[in-house]
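With mmCIF, C-alpha atoms inside, this is work-v7.cif:
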data_final
loop_
_atom_site.group_PDB
_atom_site.id
_atom_site.type_symbol
_atom_site.label_atom_id
_atom_site.label_comp_id
_atom_site.auth_asym_id
_atom_site.auth_seq_id
_atom_site.Cartn_x
_atom_site.Cartn_y
_atom_site.Cartn_z
ATOM 1 C CA MET A 1 3.952 18.689 -28.600
ATOM 2 C CA SER A 2 6.460 16.430 -30.327
ATOM 3 C CA GLY A 3 7.387 13.334 -28.379
ATOM 4 C CA MET A 4 8.166 13.150 -24.662
ATOM 5 C CA ASP A 5 11.020 14.795 -22.811
ATOM 6 C CA SER A 6 12.360 15.070 -19.266
ATOM 7 C CA ARG A 7 9.950 17.892 -18.429
ATOM 8 C CA ASP A 8 7.001 15.607 -19.085
ATOM 9 C CA TYR A 9 8.595 12.920 -16.931
ATOM 10 C CA THR A 10 9.074 15.340 -14.040
ATOM 11 C CA GLN A 11 5.606 16.848 -14.350
ATOM 12 C CA TYR A 12 3.595 13.658 -14.721
ATOM 13 C CA ARG A 13 5.654 11.207 -12.665
ATOM 14 C CA PRO A 14 3.511 11.749 -9.518
ATOM 15 C CA LEU A 15 0.343 10.833 -11.436
ATOM 16 C CA MET A 16 2.004 7.843 -13.094
ATOM 17 C CA PHE A 17 3.319 6.566 -9.766
ATOM 18 C CA SER A 18 -0.079 7.090 -8.110
ATOM 19 C CA ILE A 19 -1.776 4.925 -10.745
ATOM 20 C CA ALA A 20 0.902 2.228 -10.753
ATOM 21 C CA TYR A 21 1.132 1.956 -6.955
ATOM 22 C CA ARG A 22 -2.606 1.624 -6.496
ATOM 23 C CA MET A 23 -2.694 -0.970 -9.258
ATOM 24 C CA THR A 24 0.103 -3.112 -7.780
ATOM 25 C CA GLY A 25 0.441 -2.259 -4.087
ATOM 26 C CA SER A 26 4.202 -2.352 -4.628
ATOM 27 C CA VAL A 27 6.577 0.606 -4.532
ATOM 28 C CA GLY A 28 9.271 -1.222 -6.482
ATOM 29 C CA ASP A 29 6.887 -2.489 -9.144
ATOM 30 C CA ALA A 30 5.293 0.945 -9.436
ATOM 31 C CA GLU A 31 8.679 2.573 -9.985
ATOM 32 C CA ASP A 32 9.501 0.001 -12.685
ATOM 33 C CA ILE A 33 6.123 0.513 -14.366
ATOM 34 C CA VAL A 34 6.573 4.289 -14.433
ATOM 35 C CA GLN A 35 10.019 3.921 -15.976
ATOM 36 C CA GLU A 36 8.805 1.431 -18.577
ATOM 37 C CA ALA A 37 5.760 3.551 -19.427
ATOM 38 C CA PHE A 38 7.833 6.646 -20.052
ATOM 39 C CA LEU A 39 10.382 4.741 -22.128
ATOM 40 C CA ARG A 40 7.559 3.395 -24.303
ATOM 41 C CA ALA A 41 6.044 6.855 -24.668
ATOM 42 C CA GLU A 42 9.420 8.342 -25.512
ATOM 43 C CA ALA A 43 10.164 5.637 -28.082
ATOM 44 C CA ALA A 44 6.790 6.131 -29.764
ATOM 45 C CA LYS A 45 7.729 9.731 -30.611
ATOM 46 C CA ARG A 46 4.073 10.469 -31.302
ATOM 47 C CA ASP A 47 2.747 13.982 -31.362
ATOM 48 C CA THR A 48 0.206 14.637 -28.653
ATOM 49 C CA ARG A 49 -1.232 17.771 -27.133
ATOM 50 C CA ASP A 50 -2.156 15.981 -23.943
ATOM 51 C CA GLY A 51 0.926 14.346 -22.481
ATOM 52 C CA LYS A 52 -0.890 13.743 -19.189
ATOM 53 C CA ALA A 53 -3.611 11.586 -20.753
ATOM 54 C CA TYR A 54 -1.137 9.753 -22.950
ATOM 55 C CA LEU A 55 1.232 8.895 -20.098
ATOM 56 C CA ALA A 56 -1.677 7.824 -17.882
ATOM 57 C CA THR A 57 -2.822 5.513 -20.683
ATOM 58 C CA ILE A 58 0.599 3.923 -21.156
ATOM 59 C CA THR A 59 1.055 3.549 -17.385
ATOM 60 C CA THR A 60 -2.309 1.816 -17.073
ATOM 61 C CA ARG A 61 -1.542 -0.614 -19.892
ATOM 62 C CA VAL A 62 1.887 -1.492 -18.504
ATOM 63 C CA ALA A 63 0.360 -2.011 -15.050
ATOM 64 C CA ILE A 64 -2.346 -4.321 -16.422
ATOM 65 C CA ASP A 65 0.282 -6.386 -18.256
ATOM 66 C CA HIS A 66 2.366 -6.559 -15.083
ATOM 67 C CA LEU A 67 -0.546 -7.765 -12.952
ATOM 68 C CA ARG A 68 -1.404 -10.506 -15.411
ATOM 69 C CA SER A 69 2.170 -11.798 -15.415
ATOM 70 C CA ALA A 70 2.513 -11.501 -11.621
ATOM 71 C CA ARG A 71 -0.646 -13.419 -10.720
ATOM 72 C CA VAL A 72 1.106 -16.787 -10.232
ATOM 73 C CA ARG A 73 3.767 -15.208 -8.034
ATOM 74 C CA ARG A 74 1.126 -13.507 -5.872
ATOM 75 C CA GLU A 75 -0.863 -16.738 -5.479
ATOM 76 C CA SER A 76 2.240 -18.521 -4.129
ATOM 77 C CA TYR A 77 2.970 -15.805 -1.534
ATOM 78 C CA VAL A 78 3.572 -17.222 1.961
ATOM 79 C CA GLY A 79 1.067 -16.000 4.543
ATOM 80 C CA THR A 80 -0.974 -12.803 4.469
ATOM 81 C CA TRP A 81 -0.181 -10.371 1.638
ATOM 82 C CA LEU A 82 -0.125 -6.651 2.431
ATOM 83 C CA PRO A 83 0.983 -3.730 0.222
ATOM 84 C CA GLU A 84 4.395 -2.140 0.534
ATOM 85 C CA PRO A 85 3.887 0.778 2.927
ATOM 86 C CA LEU A 86 4.063 4.443 1.980
ATOM 87 C CA VAL A 87 5.183 6.684 4.820
ATOM 88 C CA ALA A 88 3.935 10.263 4.593
ATOM 89 C CA ASP A 89 6.965 11.867 6.210
ATOM 90 C CA ASP A 90 9.406 9.959 3.992
ATOM 91 C CA THR A 91 9.973 13.115 1.944
ATOM 92 C CA SER A 92 12.807 11.654 -0.106
ATOM 93 C CA GLY A 93 10.816 8.610 -1.173
ATOM 94 C CA PRO A 94 7.772 7.782 -3.290
ATOM 95 C CA ALA A 95 5.225 8.618 -0.613
ATOM 96 C CA GLU A 96 5.553 12.314 -1.366
ATOM 97 C CA ARG A 97 4.707 11.638 -5.002
ATOM 98 C CA ALA A 98 1.400 9.904 -4.316
ATOM 99 C CA GLU A 99 -1.618 11.852 -3.175
ATOM 100 C CA MET A 100 -2.592 10.770 0.331
ATOM 101 C CA SER A 101 -6.218 9.668 0.576
ATOM 102 C CA ASP A 102 -8.377 6.773 1.691
ATOM 103 C CA SER A 103 -7.672 5.119 -1.656
ATOM 104 C CA LEU A 104 -4.119 4.555 -0.383
ATOM 105 C CA SER A 105 -5.123 2.757 2.812
ATOM 106 C CA MET A 106 -3.894 -0.802 3.124
ATOM 107 C CA ALA A 107 -7.445 -2.013 3.631
ATOM 108 C CA PHE A 108 -8.498 -0.490 0.310
ATOM 109 C CA LEU A 109 -5.451 -1.758 -1.582
ATOM 110 C CA VAL A 110 -5.999 -5.281 -0.255
ATOM 111 C CA LEU A 111 -9.629 -5.060 -1.367
ATOM 112 C CA LEU A 112 -8.482 -4.133 -4.883
ATOM 113 C CA GLU A 113 -6.694 -7.501 -4.987
ATOM 114 C CA SER A 114 -10.093 -9.170 -5.369
ATOM 115 C CA LEU A 115 -10.594 -7.436 -8.739
ATOM 116 C CA SER A 116 -9.230 -8.513 -12.106
ATOM 117 C CA PRO A 117 -6.521 -6.266 -13.593
ATOM 118 C CA ALA A 118 -9.034 -4.695 -15.999
ATOM 119 C CA GLU A 119 -11.630 -4.125 -13.270
ATOM 120 C CA ARG A 120 -8.984 -2.592 -11.043
ATOM 121 C CA ALA A 121 -7.812 -0.225 -13.772
ATOM 122 C CA VAL A 122 -11.321 0.910 -14.714
ATOM 123 C CA PHE A 123 -12.363 1.377 -11.096
ATOM 124 C CA LEU A 124 -9.285 3.394 -10.155
ATOM 125 C CA LEU A 125 -9.345 5.606 -13.239
ATOM 126 C CA ARG A 126 -13.037 6.363 -12.748
ATOM 127 C CA GLU A 127 -13.461 6.425 -8.967
ATOM 128 C CA VAL A 128 -10.095 7.705 -7.761
ATOM 129 C CA PHE A 129 -8.749 9.755 -10.658
ATOM 130 C CA GLY A 130 -12.065 10.965 -12.119
ATOM 131 C CA TYR A 131 -11.466 10.009 -15.759
ATOM 132 C CA ALA A 132 -14.306 10.017 -18.279
ATOM 133 C CA TYR A 133 -15.332 6.678 -19.766
ATOM 134 C CA GLU A 134 -14.074 7.858 -23.144
ATOM 135 C CA ASP A 135 -10.563 8.235 -21.737
ATOM 136 C CA ILE A 136 -10.799 5.012 -19.721
ATOM 137 C CA ALA A 137 -11.723 3.128 -22.888
ATOM 138 C CA VAL A 138 -8.590 4.430 -24.599
ATOM 139 C CA ALA A 139 -6.406 3.610 -21.574
ATOM 140 C CA THR A 140 -7.676 0.041 -21.237
ATOM 141 C CA GLY A 141 -8.261 -0.761 -24.899
ATOM 142 C CA LYS A 142 -11.897 -1.653 -24.239
ATOM 143 C CA SER A 143 -15.169 -0.143 -25.395
ATOM 144 C CA GLN A 144 -16.959 2.437 -23.268
ATOM 145 C CA ALA A 145 -19.826 -0.009 -22.749
ATOM 146 C CA ALA A 146 -17.411 -2.665 -21.510
ATOM 147 C CA CYS A 147 -15.757 -0.142 -19.189
ATOM 148 C CA ARG A 148 -19.129 0.789 -17.685
ATOM 149 C CA GLN A 149 -19.848 -2.885 -17.037
ATOM 150 C CA LEU A 150 -16.423 -3.436 -15.503
ATOM 151 C CA PHE A 151 -16.862 -0.411 -13.266
ATOM 152 C CA ALA A 152 -20.319 -1.531 -12.091
ATOM 153 C CA ARG A 153 -18.984 -4.992 -11.248
ATOM 154 C CA ALA A 154 -15.932 -3.581 -9.470
ATOM 155 C CA ARG A 155 -18.024 -1.038 -7.577
ATOM 156 C CA ARG A 156 -20.301 -3.772 -6.212
ATOM 157 C CA ALA A 157 -17.317 -5.815 -5.033
ATOM 158 C CA ILE A 158 -15.650 -2.803 -3.423
ATOM 159 C CA ASP A 159 -18.832 -1.601 -1.704
ATOM 160 C CA GLU A 160 -19.483 -5.066 -0.281
ATOM 161 C CA GLY A 161 -16.030 -5.359 1.220
ATOM 162 C CA ARG A 162 -15.019 -1.756 1.950
ATOM 163 C CA PRO A 163 -14.310 -1.368 5.674
ATOM 164 C CA ARG A 164 -15.552 1.698 7.532
ATOM 165 C CA PHE A 165 -12.912 3.660 9.358
ATOM 166 C CA GLY A 166 -11.829 7.219 9.819
ATOM 167 C CA THR A 167 -9.867 9.209 12.337
ATOM 168 C CA SER A 168 -8.802 12.801 12.786
ATOM 169 C CA ARG A 169 -5.140 13.773 12.936
ATOM 170 C CA ALA A 170 -5.565 14.491 16.664
ATOM 171 C CA ASP A 171 -7.071 11.042 17.301
ATOM 172 C CA ALA A 172 -4.298 9.423 15.286
ATOM 173 C CA GLU A 173 -1.645 11.202 17.329
ATOM 174 C CA GLU A 174 -3.373 10.203 20.562
ATOM 175 C CA LEU A 175 -3.642 6.569 19.517
ATOM 176 C CA THR A 176 -0.046 6.219 18.375
ATOM 177 C CA GLY A 177 1.022 8.102 21.499
ATOM 178 C CA ILE A 178 -0.590 5.390 23.629
ATOM 179 C CA PHE A 179 1.334 2.686 21.740
ATOM 180 C CA LEU A 180 4.590 4.595 22.216
ATOM 181 C CA ASP A 181 3.862 5.115 25.913
ATOM 182 C CA VAL A 182 3.218 1.390 26.446
ATOM 183 C CA ALA A 183 6.465 0.550 24.618
ATOM 184 C CA ASN A 184 8.232 2.807 27.102
ATOM 185 C CA GLY A 185 6.756 0.953 30.069
ATOM 186 C CA GLY A 186 3.357 2.668 30.239
ATOM 187 C CA ASP A 187 0.007 1.215 31.283
ATOM 188 C CA MET A 188 -1.164 -1.583 28.985
ATOM 189 C CA ALA A 189 -4.751 -1.022 30.162
ATOM 190 C CA ALA A 190 -4.854 2.311 28.343
ATOM 191 C CA LEU A 191 -4.077 0.511 25.086
ATOM 192 C CA ILE A 192 -6.537 -2.309 25.704
ATOM 193 C CA GLY A 193 -9.297 0.273 26.097
ATOM 194 C CA ARG A 194 -8.652 1.517 22.554
ATOM 195 C CA ILE A 195 -8.797 -1.928 20.930
ATOM 196 C CA ALA A 196 -12.172 -3.025 19.498
ATOM 197 C CA PRO A 197 -13.515 -6.375 20.774
ATOM 198 C CA ASP A 198 -13.558 -7.811 17.223
ATOM 199 C CA VAL A 199 -10.197 -6.354 16.164
ATOM 200 C CA THR A 200 -8.199 -8.285 13.553
ATOM 201 C CA PHE A 201 -4.421 -8.499 13.228
ATOM 202 C CA TYR A 202 -2.850 -9.014 9.788
ATOM 203 C CA GLY A 203 0.847 -9.867 9.708
ATOM 204 C CA ASP A 204 2.931 -9.942 6.528
ATOM 205 C CA SER A 205 6.457 -11.322 6.829
ATOM 206 C CA GLY A 206 6.411 -13.212 3.529
ATOM 207 C CA GLY A 207 7.666 -16.315 5.328
ATOM 208 C CA LYS A 208 10.945 -14.532 6.112
ATOM 209 C CA GLY A 209 10.401 -13.935 9.797
ATOM 210 C CA GLU A 210 10.457 -16.018 12.938
ATOM 211 C CA ALA A 211 6.708 -15.471 13.279
ATOM 212 C CA THR A 212 4.776 -16.008 10.058
ATOM 213 C CA PHE A 213 1.041 -15.402 10.307
ATOM 214 C CA ILE A 214 -0.535 -17.652 7.703
ATOM 215 C CA ALA A 215 -3.980 -16.267 8.492
ATOM 216 C CA PRO A 216 -5.358 -13.163 10.228
ATOM 217 C CA VAL A 217 -5.859 -13.308 13.998
ATOM 218 C CA SER A 218 -9.140 -11.974 15.390
ATOM 219 C CA GLY A 219 -10.477 -11.008 18.815
ATOM 220 C CA ARG A 220 -9.154 -8.509 21.352
ATOM 221 C CA ASP A 221 -7.575 -11.119 23.665
ATOM 222 C CA ASN A 222 -5.784 -12.932 20.847
ATOM 223 C CA VAL A 223 -4.546 -9.730 19.227
ATOM 224 C CA MET A 224 -3.436 -8.214 22.522
ATOM 225 C CA ARG A 225 -1.305 -11.291 23.206
ATOM 226 C CA ILE A 226 0.501 -10.650 19.925
ATOM 227 C CA VAL A 227 0.860 -6.929 20.616
ATOM 228 C CA ALA A 228 1.997 -7.458 24.219
ATOM 229 C CA ALA A 229 4.604 -10.027 23.158
ATOM 230 C CA GLN A 230 6.035 -7.704 20.515
ATOM 231 C CA ILE A 231 6.085 -4.716 22.836
ATOM 232 C CA GLU A 232 7.823 -6.810 25.514
ATOM 233 C CA ARG A 233 10.442 -7.858 22.988
ATOM 234 C CA THR A 234 10.823 -4.265 21.815
ATOM 235 C CA ILE A 235 11.670 -3.157 25.353
ATOM 236 C CA ALA A 236 13.970 -6.131 26.054
ATOM 237 C CA LEU A 237 16.070 -5.654 22.933
ATOM 238 C CA GLY A 238 16.343 -1.886 23.079
ATOM 239 C CA ALA A 239 14.275 -1.271 19.965
ATOM 240 C CA SER A 240 12.291 1.906 19.444
ATOM 241 C CA LEU A 241 8.973 2.968 17.914
ATOM 242 C CA ARG A 242 8.160 6.125 15.967
ATOM 243 C CA ALA A 243 4.728 7.451 15.067
ATOM 244 C CA ALA A 244 4.021 8.088 11.371
ATOM 245 C CA ILE A 245 1.229 8.426 8.852
ATOM 246 C CA VAL A 246 1.346 5.242 6.781
ATOM 247 C CA ASN A 247 -0.839 4.896 3.687
ATOM 248 C CA ALA A 248 -2.953 7.804 4.939
ATOM 249 C CA GLN A 249 -3.636 6.002 8.241
ATOM 250 C CA PRO A 250 -2.088 6.326 11.719
ATOM 251 C CA GLY A 251 0.917 4.054 11.970
ATOM 252 C CA ILE A 252 4.144 3.166 13.721
ATOM 253 C CA LEU A 253 7.655 2.378 12.496
ATOM 254 C CA ALA A 254 9.688 -0.071 14.603
ATOM 255 C CA TYR A 255 13.490 0.178 14.588
ATOM 256 C CA ASP A 256 16.191 -1.972 16.191
ATOM 257 C CA ALA A 257 18.926 -0.537 18.396
ATOM 258 C CA GLU A 258 21.148 0.080 15.337
ATOM 259 C CA GLY A 259 18.448 2.008 13.487
ATOM 260 C CA GLY A 260 17.429 -0.800 11.142
ATOM 261 C CA LEU A 261 13.748 -0.936 10.253
ATOM 262 C CA ILE A 262 11.958 -3.959 11.723
ATOM 263 C CA ALA A 263 8.346 -3.456 10.733
ATOM 264 C CA VAL A 264 5.691 -0.926 9.755
ATOM 265 C CA LEU A 265 2.267 -0.995 11.410
ATOM 266 C CA THR A 266 -0.957 0.723 10.418
ATOM 267 C CA PHE A 267 -4.248 1.009 12.287
ATOM 268 C CA ASP A 268 -7.806 1.105 10.979
ATOM 269 C CA VAL A 269 -9.735 3.274 13.438
ATOM 270 C CA LEU A 270 -13.474 3.781 13.884
ATOM 271 C CA ASP A 271 -15.146 5.670 16.729
ATOM 272 C CA GLY A 272 -11.844 5.963 18.553
ATOM 273 C CA GLN A 273 -11.133 2.220 18.579
ATOM 274 C CA VAL A 274 -8.659 0.163 16.562
ATOM 275 C CA GLN A 275 -10.575 -2.153 14.242
ATOM 276 C CA ALA A 276 -7.550 -3.685 12.528
ATOM 277 C CA ILE A 277 -3.778 -3.743 12.873
ATOM 278 C CA ARG A 278 -1.674 -4.454 9.782
ATOM 279 C CA ALA A 279 2.024 -5.190 10.270
ATOM 280 C CA VAL A 280 4.457 -5.423 7.352
ATOM 281 C CA ALA A 281 7.695 -7.141 8.383
ATOM 282 C CA ASN A 282 8.768 -8.673 5.069
ATOM 283 C CA PRO A 283 12.190 -7.043 4.532
ATOM 284 C CA ASP A 284 11.675 -7.052 0.759
ATOM 285 C CA LYS A 285 8.722 -4.700 1.246
ATOM 286 C CA LEU A 286 10.590 -2.255 3.480
ATOM 287 C CA ARG A 287 13.853 -1.592 1.655
ATOM 288 C CA HIS A 288 12.570 1.618 0.036
ATOM 289 C CA LEU A 289 12.217 3.092 3.535
ATOM 290 C CA GLY A 290 15.874 2.713 4.535
ATOM 291 C CA PRO A 291 18.245 0.184 6.175
ATOM 292 C CA ILE A 292 16.568 -3.061 7.262
ATOM 293 C CA SER A 293 17.100 -4.735 10.637
ATOM 294 C CA ARG A 294 19.466 -7.700 10.529
ATOM 295 C CA THR A 295 19.494 -8.335 14.279
ATOM 296 C CA TRP A 296 15.791 -8.755 15.066
ATOM 297 C CA HIS A 297 13.464 -11.650 14.179
ATOM 298 C CA LEU A 298 13.819 -10.998 10.442
ATOM 299 C CA ARG A 299 16.263 -12.773 8.227
ATOM 300 C CA THR A 300 17.159 -11.395 4.828
ATOM 301 C CA ALA A 301 17.376 -13.585 1.755
ATOM 302 C CA ASP A 302 21.167 -13.827 1.887
ATOM 303 C CA GLU A 303 21.103 -14.805 5.564
ATOM 304 C CA ALA A 304 18.502 -17.466 4.836
ATOM 305 C CA ALA A 305 20.870 -18.827 2.196
ATOM 306 C CA GLY A 306 23.732 -18.864 4.704
ATOM 307 C CA GLY A 307 25.341 -15.575 3.603
#

Transcribe the structure of this file into C-alpha cells.
Amino acid sequence: MSGMDSRDYTQYRPLMFSIAYRMTGSVGDAEDIVQEAFLRAEAAKRDTRDGKAYLATITTRVAIDHLRSARVRRESYVGTWLPEPLVADDTSGPAERAEMSDSLSMAFLVLLESLSPAERAVFLLREVFGYAYEDIAVATGKSQAACRQLFARARRAIDEGRPRFGTSRADAEELTGIFLDVANGGDMAALIGRIAPDVTFYGDSGGKGEATFIAPVSGRDNVMRIVAAQIERTIALGASLRAAIVNAQPGILAYDAEGGLIAVLTFDVLDGQVQAIRAVANPDKLRHLGPISRTWHLRTADEAAGG
C-alpha cells in the first residue's frame, strides 16, 4: 500500500471516529480529530500494509494532543460537564459510525474524564478495541511496560467508579413510554414508581440556560421536583418528547413547538428503576443533531450577546 487515499478514509473512518469520540466525549472534536489524523497520514505518504493500525495510531496521538491542550478549557466549564450525545436513530449523523455499546454510555464517558490522556488512550485501546500492548505502545509512543502500568492504573480507577446498570430494549421502551405518557397528561405516580430512591440528576447547560445545575441533584423527591417542573413546562408550551436510544441507553429528545431541539436526556437503569438522569441542554452540544430551540429556556451565544 502506498500512502492513504479516499478508500482508506471511507473504510476506517468509523473506527477513527469511535476512538476520537470516546477519547473526547465531543462529536465536533472527534470529527476534527479524524480529519486531522487522515490529513497527517496522507501527508506522510508512508508505505504501510496495515492502514487500519496506522490510522488508529495517528488518531490516538492527535486525540491525546487535543486533550492536553483542552484541559484548561474543560476545567473552566460552567456547571456539570456531560458528553455530546449520540442518538442511535440519527442515521445521517456520527452515531451510525460509532459502535453502540456500554463504552458509549454517558456514565462511562464521564468516568473516563478522571483519567489522564495517556491512561484514557491505553485503557480504550486495550479494553474497548482489543489492541495488543505492542500496538498500543506504537500508538501512544510509550513502552509496553509503561502501557501495562497505565492500563492497570486506569482499570483500578474505572472499576472503582463504574456504575452498574443495564436494561433490555423492552424495558427501555416501557420506561421511555411512561415518560412520554406523563408528558401527555398521564399519571405521575407511574413514573415515580420507576425512580430509585437514591436517583441522581445531572444537568448540563454549560451556563447557557435559565436553569444551570452547578452540581448534581440527588434523592427521589428532589429529582422528581425537577422532572415534574420540566414536564409541566413541556405541556404548557406545546413542546414534545420523542423516545430514542442515546449513547446506548434509553433516552428522550425534547423539541419545542417549532421542532427545535431543547434537550437530550438519558437514563441509567438497574432492576427496572432509574438510577440516574442525565440531561444535556447546552446548545453547543446539540447542534450536530439538528436545529436548536431558540424559544425555550435556552439562549444561544448570539442571543446572549444581544444578537

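Each of A:Pro83, A:Gly272, A:Gly130, A:Gly259 was checked against Gly193 in chain A using all atoms listed in the file; the smallest atom-to-atom distance is that of A:Gly272.
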
Q.
When you count only C-alpha atoms, which of these residues is closest to Arg194 in chain A: A:Ile252, A:Ala281, A:Ala243, A:Asp271?
A. A:Asp271

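For the structure shown here, the set of residues caught by the PyMOL selection byres ((chain A and resi 121) around 10) is A:Ile19, A:Ala20, A:Arg22, A:Met23, A:Thr60, A:Arg61, A:Ala63, A:Ile64, A:Leu112, A:Leu115, A:Ser116, A:Pro117, A:Ala118, A:Glu119, A:Arg120, A:Val122, A:Phe123, A:Leu124, A:Leu125, A:Arg126, A:Glu127, A:Ile136, A:Ala139, A:Thr140, A:Cys147, A:Leu150, A:Phe151, A:Ala154.
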
Q: Please identify all polymer residues lying at most 7 Å from the point (11.2, 1.8, 12.3) (file coordinates), using all atoms listed in the file, and present the result as a PyMOL selection string.
A: chain A and resi 241-242+253-255+260-264

Once you have the residues from the selection above, write them out as a PDB file, in the frame of the given file, restricted to C-alpha atoms.
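For reference, again-v3.pdb as written:
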ATOM      1  CA  LEU A 241       8.973   2.968  17.914  1.00  0.00           C
ATOM      2  CA  ARG A 242       8.160   6.125  15.967  1.00  0.00           C
ATOM      3  CA  LEU A 253       7.655   2.378  12.496  1.00  0.00           C
ATOM      4  CA  ALA A 254       9.688  -0.071  14.603  1.00  0.00           C
ATOM      5  CA  TYR A 255      13.490   0.178  14.588  1.00  0.00           C
ATOM      6  CA  GLY A 260      17.429  -0.800  11.142  1.00  0.00           C
ATOM      7  CA  LEU A 261      13.748  -0.936  10.253  1.00  0.00           C
ATOM      8  CA  ILE A 262      11.958  -3.959  11.723  1.00  0.00           C
ATOM      9  CA  ALA A 263       8.346  -3.456  10.733  1.00  0.00           C
ATOM     10  CA  VAL A 264       5.691  -0.926   9.755  1.00  0.00           C
TER      11      VAL A 264
END

Can you turn the PyMOL selection byres ((chain A and resi 66) around 12) into a concrete residue list for this file, as a PDB file with C-alpha atoms, in the frame of the given file?
ATOM      1  CA  ALA A  20       0.902   2.228 -10.753  1.00  0.00           C
ATOM      2  CA  TYR A  21       1.132   1.956  -6.955  1.00  0.00           C
ATOM      3  CA  MET A  23      -2.694  -0.970  -9.258  1.00  0.00           C
ATOM      4  CA  THR A  24       0.103  -3.112  -7.780  1.00  0.00           C
ATOM      5  CA  GLY A  25       0.441  -2.259  -4.087  1.00  0.00           C
ATOM      6  CA  SER A  26       4.202  -2.352  -4.628  1.00  0.00           C
ATOM      7  CA  ASP A  29       6.887  -2.489  -9.144  1.00  0.00           C
ATOM      8  CA  ALA A  30       5.293   0.945  -9.436  1.00  0.00           C
ATOM      9  CA  ASP A  32       9.501   0.001 -12.685  1.00  0.00           C
ATOM     10  CA  ILE A  33       6.123   0.513 -14.366  1.00  0.00           C
ATOM     11  CA  VAL A  34       6.573   4.289 -14.433  1.00  0.00           C
ATOM     12  CA  GLU A  36       8.805   1.431 -18.577  1.00  0.00           C
ATOM     13  CA  ALA A  37       5.760   3.551 -19.427  1.00  0.00           C
ATOM     14  CA  THR A  59       1.055   3.549 -17.385  1.00  0.00           C
ATOM     15  CA  THR A  60      -2.309   1.816 -17.073  1.00  0.00           C
ATOM     16  CA  ARG A  61      -1.542  -0.614 -19.892  1.00  0.00           C
ATOM     17  CA  VAL A  62       1.887  -1.492 -18.504  1.00  0.00           C
ATOM     18  CA  ALA A  63       0.360  -2.011 -15.050  1.00  0.00           C
ATOM     19  CA  ILE A  64      -2.346  -4.321 -16.422  1.00  0.00           C
ATOM     20  CA  ASP A  65       0.282  -6.386 -18.256  1.00  0.00           C
ATOM     21  CA  LEU A  67      -0.546  -7.765 -12.952  1.00  0.00           C
ATOM     22  CA  ARG A  68      -1.404 -10.506 -15.411  1.00  0.00           C
ATOM     23  CA  SER A  69       2.170 -11.798 -15.415  1.00  0.00           C
ATOM     24  CA  ALA A  70       2.513 -11.501 -11.621  1.00  0.00           C
ATOM     25  CA  ARG A  71      -0.646 -13.419 -10.720  1.00  0.00           C
ATOM     26  CA  VAL A  72       1.106 -16.787 -10.232  1.00  0.00           C
ATOM     27  CA  ARG A  73       3.767 -15.208  -8.034  1.00  0.00           C
ATOM     28  CA  ARG A  74       1.126 -13.507  -5.872  1.00  0.00           C
ATOM     29  CA  PRO A 117      -6.521  -6.266 -13.593  1.00  0.00           C
ATOM     30  CA  ALA A 118      -9.034  -4.695 -15.999  1.00  0.00           C
TER      31      ALA A 118
END

Q: Measuring atom to atom with all atoms listed in the file, identify which of A:Asp135, A:Glu75, A:Glu173, A:Asp198 is nearest to Ile58 in chain A.
A: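 Ranking A:Asp135, A:Glu75, A:Glu173, A:Asp198 by distance to Ile58 in chain A, first place goes to A:Asp135.
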
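Residue nearest Arg155 in chain A, chosen from A:Phe129, A:Leu111, A:Phe179, A:Val138 and counting all atoms listed in the file: A:Leu111.
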
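Around Lys285 in chain A, within 10 Å and counting all atoms listed in the file, the residues found are Ser26, Val27, Gly28, Leu82, Pro83, Glu84, Pro85, Asp204, Ser205, Gly206, Ala263, Val264, Val280, Ala281, Asn282, His288 and Leu289 of chain A, once anything fewer than 3 positions away on its own chain is removed.
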
Q.
What does the structure give for the distance between CA of Arg162 in chain A and CA of Pro250 in chain A, in Å to one decimal?
A. 18.1 Å

(Q) Using Å and a single decimal, report how far CA of Leu86 in chain A sits from CA of Tyr9 in chain A. (A) 21.2 Å

Q. Which is closest to Ala189 in chain A among A:Ile292, A:Ala228, A:Ala172, A:Ala41, if we use all atoms listed in the file?
A. A:Ala228

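Restricting the calculation to all atoms listed in the file, the smallest distance between Pro197 in chain A and any of A:Ala215, A:Ala236, A:Leu109, A:Val223 is found for A:Val223.
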
(Q) Please compute the CA of Val199 in chain A-CA of Leu104 in chain A distance, one decimal, in Å. (A)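 It comes out at 20.7 Å.
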
**Q.** Hits from the PyMOL selection byres ((chain A and resi 181-186) around 9), listed as a list in words
**A.**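 That selection, the PyMOL selection byres ((chain A and resi 181-186) around 9), comes back as Thr176, Gly177, Ile178, Phe179, Leu180, Asp187, Met188, Ala189, Ala190, Leu191, Ile231, Glu232, Thr234, Ile235, Ser240 and Leu241 of chain A.
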
Starting from 6 Å padding per side, set up an axis-aligned box that covers all listed atoms of range 266-279 of chain A and hand over centre and edge lengths in Å, one decimal, as JSON.
{"center_x": -6.6, "center_y": 0.4, "center_z": 14.2, "size_x": 29.2, "size_y": 23.2, "size_z": 20.8}
